[in-house]
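One structure is given below, encoded as structure tokens.
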Amino acid sequence: MCKVSVIVPVYNTEKYLRACLNSLAAQTLKDFEVIIVNDGSTDDSLSIAEEFAAYHSNFKLFSIENNGVSHARNYGAEMSHGDYLAFVDSDDEVEPDYCKAMYEKAVRDGNDVVICWHEWILRTFDGALQKKPMINTFREKDNFRLEDYPSFVLAVNDGPWNKLVKRELFSLVHFSEQIRYGEDHQFSVKVCCLAEQIGTVKQILYHYFRIHGDATARISPKWLDVVLNMEQLLNFLRQKRFEERFYSEVEQFCFLHMTADYNRLVEKDDNTWKLRLLFLGKTQACLRKNFPHWRKNHYYIEKKYAMPGKDARFYRRWHLQLLIIMSRFLPAAVYRQILRVDRKVMRAGRRLSRKLYPFTTNCKKCRDRKM
């Protein structure tokens with residue numbers, strides 16, 4: 001056994017893998033291991049991983065057939081021996097105290113999950129790096145339980161990479177291997193709901209890199225996995241009776257994650273208009289089925305935890321359908337002008353609606369009366 005096992009799934013990241021593994025080799029924690037899972041890479045990633053595994057005795061390499069990042073993470077966790085598990089993406093980097101700071105916090109305060117601050121770094125086409133610190137909403141809390149702060153359900157970020165998870169807790173929750181897109185969403189919520197105590201480290205220890213125009217930004221059939229993702233999460237929460245405790249938060253969480261890509265639905269792309277209509281129909285059907293009154297959720301009305309620039313998610317279904325169909329047939333210049341005017345009108349309507357129908361109560365009885 002060791003203190004911490006860091007699982008690194010690798011698939012065709014030869015450009016960034018060396019920097020990632022170097023940051024892990026520089027960790028100040030003495031007793032830890034790095035489990036590298038080569039998920040069927042076809043580039044030079046395997047030889048880089050072999051180089052590190054040969055030079056560092058605490059680096060262990062496993063090669064498997066390509067089955068996706070969730071399978072690689074689950075496999076790496078199964079092969080590991082640490083009291084706590086951490087997950088690092090192979091194109092990201094961590095600070096030297098990444099393992100030590102979170103491990104010491106977990107042991108000192110008896111945390112099942114420890115979350116550190118992180119920053120997003122966008123790699124642009126010209127090679128420049130744009131940094132954006134992502135400091136958690138619960139940054140002022142050293143230790144907490146979700147039961148005491150229900151709104152924190154909405155603040156749990158998607159990825160597992162800035163979290164240290166106790167092994168016993170991971171044995172109850174694995175990554176869903178049926179999902180190709182947004183698979184991190186349900187894992188993060190599940191472990192935080194099950195944790196008896198969550199701790200935070202108020203340092204930016206993780207650097208999450210994204211490439212401008214990467215695959216996750218393009219419309220594709222895997223987007224439909226978001227519905228299966230939310231269905232699996234809801235089934236888990238119902239089985240564990242968490243949905244009753246966090247009904248408003250879970251309702252808003254599902255809305256935010258299923259509509260997170262709605263702003264891209266109104267973009268003009270003649271080749272994907274049928275897929276966009278299908279995605280819209282399935283996500284709206286899932287919301288109506290599980291949360292028939294989701295538009296009356298007080299978080300939704302107050303636009304809590306809404307991200308700037310995500311106006312399209314607040315459209316009615318028929319409105320989005322009309323815009324998608326128009327994007328298919330209208331010239332690009334004409335459609336852009338219509339979209340620009342449409343967004344101005346919608347924002348003005350939302351401001352007027354908030355003035356006419358203020359609703360900020362978190363009282364369940366009042367919320368039920370509103371429904």
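Following the order of the structure tokens, first chain is A, next is B, and so on, with residues numbered from 1 inside each chain and ligands from 1 in the order they appear.
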Q: Can you pull out every residue within 7 Å of Glu249 (chain A), counting only C-alpha atoms, but drop anything in the same chain fewer than 4 positions away, and send it as JSON, numbers by chain?
A: {"A": [150, 151, 153, 154, 253]}
Would you save the residues of that selection, restricted to C-alpha atoms, as a PDB file, in the first residue's frame?
```
ATOM      1  CA  PRO A 150     -27.311  21.911  -0.718  1.00  0.00           C
ATOM      2  CA  SER A 151     -26.504  24.630  -3.265  1.00  0.00           C
ATOM      3  CA  VAL A 153     -24.358  20.423  -5.584  1.00  0.00           C
ATOM      4  CA  LEU A 154     -24.467  22.975  -8.390  1.00  0.00           C
ATOM      5  CA  PHE A 253     -28.070  20.507 -12.107  1.00  0.00           C
TER       6      PHE A 253
END
```
Between region 99-194 of chain A and region 16-25 of chain A, at 12 Å or less, what are the per-residue closest atom pairs and their distances in Å? Count only C-alpha atoms, order by chain and rising residue number, and return it as JSON lines.
```
{"residue": "A:Cys99", "atom": "CA", "partner": "A:Leu24", "partner_atom": "CA", "distance": 8.9}
{"residue": "A:Lys100", "atom": "CA", "partner": "A:Leu24", "partner_atom": "CA", "distance": 11.4}
{"residue": "A:Arg123", "atom": "CA", "partner": "A:Tyr16", "partner_atom": "CA", "distance": 11.5}
```
Q: Find the residues around region 236-242 of chain A up to 10 Å (only C-alpha atoms counted), leave out those fewer than 2 positions away in its own chain, and share them as a PyMOL selection string.
A: chain A and resi 147+173+186+189-190+193-194+230-234+244-247+250
Kindly save the residues from that selection, with N, CA and C atoms included, as a compact mmCIF listing (two decimals), in the first residue's frame.
```txt
# COMPACT_ATOMS: atom_id res chain seq x y z
N GLU A 147 -25.10 17.95 2.66
CA GLU A 147 -26.38 18.07 3.35
C GLU A 147 -26.52 19.44 4.02
N VAL A 173 -18.42 3.80 -6.15
CA VAL A 173 -18.73 4.60 -7.34
C VAL A 173 -17.64 4.43 -8.37
N GLN A 186 -21.49 12.79 -13.56
CA GLN A 186 -22.15 12.00 -12.53
C GLN A 186 -21.15 11.48 -11.49
N VAL A 189 -20.56 14.25 -8.77
CA VAL A 189 -21.72 14.43 -7.89
C VAL A 189 -21.88 13.23 -6.97
N LYS A 190 -21.71 12.04 -7.50
CA LYS A 190 -21.89 10.82 -6.69
C LYS A 190 -20.92 10.79 -5.51
N CYS A 193 -21.79 13.37 -2.89
CA CYS A 193 -23.00 13.03 -2.12
C CYS A 193 -22.70 11.94 -1.09
N LEU A 194 -21.87 10.99 -1.45
CA LEU A 194 -21.56 9.88 -0.54
C LEU A 194 -20.56 10.26 0.54
N MET A 230 -27.47 11.75 -17.44
CA MET A 230 -28.37 12.26 -16.41
C MET A 230 -29.32 11.19 -15.88
N GLU A 231 -29.77 10.28 -16.76
CA GLU A 231 -30.64 9.19 -16.32
C GLU A 231 -29.92 8.30 -15.31
N GLN A 232 -28.67 7.98 -15.58
CA GLN A 232 -27.90 7.14 -14.67
C GLN A 232 -27.68 7.86 -13.34
N LEU A 233 -27.40 9.14 -13.39
CA LEU A 233 -27.20 9.91 -12.16
C LEU A 233 -28.49 9.95 -11.34
N LEU A 234 -29.61 10.19 -11.99
CA LEU A 234 -30.89 10.26 -11.28
C LEU A 234 -31.24 8.92 -10.64
N GLU A 244 -34.44 13.28 -2.75
CA GLU A 244 -35.39 13.92 -1.85
C GLU A 244 -34.75 15.08 -1.11
N ARG A 245 -33.48 14.92 -0.72
CA ARG A 245 -32.79 15.96 0.04
C ARG A 245 -32.38 17.15 -0.84
N PHE A 246 -32.05 16.84 -2.08
CA PHE A 246 -31.51 17.87 -2.97
C PHE A 246 -32.37 18.04 -4.22
N TYR A 247 -33.70 18.01 -4.07
CA TYR A 247 -34.55 17.98 -5.27
C TYR A 247 -34.32 19.21 -6.15
N VAL A 250 -30.76 19.10 -7.68
CA VAL A 250 -30.61 18.08 -8.72
C VAL A 250 -31.36 18.49 -9.97
```
Q. Do you have the CA of Phe32 (chain A)-CA of Val165 (chain A) distance handy?
A. 14.1 Å
Q) Which neighbours of Ser171 (chain A) fall inside 10 Å, counting only C-alpha atoms, when residues of the same chain fewer than 3 positions from it are skipped, and could you give them as a PyMOL selection string? A) chain A and resi 77-78+166-168+174
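Distance-wise, CA of Cys116 (chain A) and CA of Asp97 (chain A) end up 10.8 Å apart.
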Go through region 101-325 of chain A and collect every residue that DSSP, computed from the backbone, puts in strand (DSSP E or B); the answer should be as a CSV table (one decimal) with N, CA and C atoms, in the first residue's frame.
```csv
chain,number,residue,atom,x,y,z
A,113,VAL,N,-13.3,13.2,0.6
A,113,VAL,CA,-13.0,13.8,-0.7
A,113,VAL,C,-12.3,15.2,-0.4
A,114,VAL,N,-11.2,15.5,-1.1
A,114,VAL,CA,-10.6,16.8,-1.0
A,114,VAL,C,-10.5,17.4,-2.4
A,115,ILE,N,-10.9,18.7,-2.4
A,115,ILE,CA,-11.0,19.4,-3.7
A,115,ILE,C,-10.0,20.6,-3.7
A,116,CYS,N,-9.2,20.7,-4.7
A,116,CYS,CA,-8.3,21.8,-4.7
A,116,CYS,C,-8.7,22.8,-5.8
A,117,TRP,N,-8.2,24.0,-5.7
A,117,TRP,CA,-8.5,25.0,-6.8
A,117,TRP,C,-7.7,24.6,-8.0
A,118,HIS,N,-8.2,25.1,-9.2
A,118,HIS,CA,-7.6,24.8,-10.4
A,118,HIS,C,-7.7,26.0,-11.4
A,119,GLU,N,-7.0,25.9,-12.5
A,119,GLU,CA,-7.2,26.9,-13.5
A,119,GLU,C,-7.3,26.3,-14.9
A,120,TRP,N,-8.1,26.9,-15.8
A,120,TRP,CA,-8.2,26.5,-17.1
A,120,TRP,C,-7.2,27.3,-18.0
A,121,ILE,N,-6.5,26.6,-18.9
A,121,ILE,CA,-5.6,27.2,-19.7
A,121,ILE,C,-5.9,26.8,-21.2
A,122,LEU,N,-6.2,27.8,-22.0
A,122,LEU,CA,-6.6,27.6,-23.4
A,122,LEU,C,-5.4,27.7,-24.3
A,123,ARG,N,-5.1,26.7,-25.0
A,123,ARG,CA,-4.1,26.7,-26.0
A,123,ARG,C,-4.7,27.2,-27.3
A,129,LEU,N,-1.0,31.0,-24.5
A,129,LEU,CA,-1.8,30.4,-23.5
A,129,LEU,C,-2.6,31.4,-22.8
A,130,GLN,N,-3.9,31.2,-22.6
A,130,GLN,CA,-4.8,32.1,-21.9
A,130,GLN,C,-5.3,31.4,-20.7
A,131,LYS,N,-4.9,32.0,-19.5
A,131,LYS,CA,-5.2,31.4,-18.2
A,131,LYS,C,-6.5,32.0,-17.6
A,132,LYS,N,-7.3,31.1,-16.9
A,132,LYS,CA,-8.5,31.6,-16.2
A,132,LYS,C,-8.6,30.8,-14.9
A,133,PRO,N,-8.3,31.4,-13.8
A,133,PRO,CA,-8.4,30.7,-12.5
A,133,PRO,C,-9.9,30.3,-12.3
A,134,MET,N,-10.1,29.1,-11.8
A,134,MET,CA,-11.5,28.6,-11.5
A,134,MET,C,-11.5,28.3,-10.0
A,143,ASN,N,-14.1,22.5,5.6
A,143,ASN,CA,-14.7,21.2,5.6
A,143,ASN,C,-16.2,21.4,5.6
A,144,PHE,N,-16.9,20.5,4.9
A,144,PHE,CA,-18.3,20.6,4.8
A,144,PHE,C,-19.0,19.3,4.3
A,163,LYS,N,-9.6,16.4,-7.6
A,163,LYS,CA,-10.2,15.8,-6.4
A,163,LYS,C,-9.3,14.6,-5.9
A,164,LEU,N,-9.2,14.4,-4.6
A,164,LEU,CA,-8.6,13.3,-4.0
A,164,LEU,C,-9.7,12.5,-3.4
A,165,VAL,N,-9.8,11.2,-3.7
A,165,VAL,CA,-11.0,10.4,-3.3
A,165,VAL,C,-10.5,9.2,-2.5
A,166,LYS,N,-11.1,9.0,-1.3
A,166,LYS,CA,-10.7,7.8,-0.5
A,166,LYS,C,-11.0,6.5,-1.2
A,198,ILE,N,-16.2,16.7,3.2
A,198,ILE,CA,-15.4,17.1,2.0
A,198,ILE,C,-14.5,18.3,2.5
A,199,GLY,N,-13.3,18.2,2.0
A,199,GLY,CA,-12.3,19.3,2.4
A,199,GLY,C,-11.9,20.0,1.2
A,200,THR,N,-11.4,21.2,1.4
A,200,THR,CA,-10.9,22.0,0.3
A,200,THR,C,-9.5,22.5,0.6
A,201,VAL,N,-8.7,22.6,-0.5
A,201,VAL,CA,-7.3,23.1,-0.4
A,201,VAL,C,-7.3,24.4,-1.2
A,202,LYS,N,-7.0,25.5,-0.6
A,202,LYS,CA,-7.2,26.8,-1.2
A,202,LYS,C,-5.9,27.2,-1.9
A,203,GLN,N,-5.5,26.4,-2.8
A,203,GLN,CA,-4.3,26.6,-3.7
A,203,GLN,C,-4.7,26.1,-5.1
A,204,ILE,N,-4.2,26.8,-6.1
A,204,ILE,CA,-4.3,26.3,-7.5
A,204,ILE,C,-3.2,25.3,-7.7
A,205,LEU,N,-3.7,24.0,-7.7
A,205,LEU,CA,-2.7,22.9,-7.8
A,205,LEU,C,-2.9,22.1,-9.1
A,206,TYR,N,-3.9,22.4,-9.9
A,206,TYR,CA,-4.2,21.7,-11.1
A,206,TYR,C,-4.3,22.7,-12.3
A,207,HIS,N,-3.7,22.3,-13.4
A,207,HIS,CA,-3.7,23.2,-14.6
A,207,HIS,C,-4.4,22.4,-15.7
A,208,TYR,N,-5.7,22.8,-16.0
A,208,TYR,CA,-6.5,22.0,-16.9
A,208,TYR,C,-6.4,22.7,-18.3
A,209,PHE,N,-5.8,22.0,-19.3
A,209,PHE,CA,-5.5,22.6,-20.6
A,209,PHE,C,-6.7,22.2,-21.6
A,210,ARG,N,-7.0,23.2,-22.4
A,210,ARG,CA,-8.0,22.9,-23.4
A,210,ARG,C,-7.4,23.5,-24.7
A,211,ILE,N,-7.7,22.9,-25.8
A,211,ILE,CA,-7.2,23.3,-27.1
A,211,ILE,C,-8.4,24.1,-27.8
```
Q) So what do you get for CA of Val37 (chain A) versus CA of Ser176 (chain A), distance-wise? A)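 Result for CA of Val37 (chain A) versus CA of Ser176 (chain A): 17.0 Å, one decimal.
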**Q.** Nearby residues (only C-alpha atoms) at most 12 Å from Arg316 (chain A), same-chain spacing under 2 positions excluded, as a ChimeraX atom specification
**A.** /A:259,262,280-281,284,295,311-314,318-323,346
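Taking only C-alpha atoms into account, Leu172 (chain A) lies nearest to A:Asn74 out of the set A:Phe59, A:Ile35, A:Asn74, A:Met102.
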Q | Using only C-alpha atoms: which of A:Glu251, A:Asp39, A:Glu50, A:Glu33 has the shortest distance to Ile64 (chain A) | A | A:Asp39
**Q.** region 18-159 of chain A: residues DSSP assigns to alpha helix (DSSP H), reported as a ChimeraX atom specification
**A.** /A:18-25,45-55,69-79,98-109
(Q) Neighbouring residues of Val227 (chain A) were defined as those with any atom within 8 Å, considering only C-alpha atoms; residues of the same chain fewer than 2 positions away were excluded. Please report them as an MDAnalysis selection string. (A) chainID A and resid 224:225 229:231 258 282:283 286
(Q) Using only C-alpha atoms, which protein or nucleic acid residues come within 9 Å of Ala72 (chain A)? Drop anything in the same chain fewer than 3 positions from it, and give the result as a ChimeraX atom specification. (A) /A:7-10,37-39,64,66-69,75-77
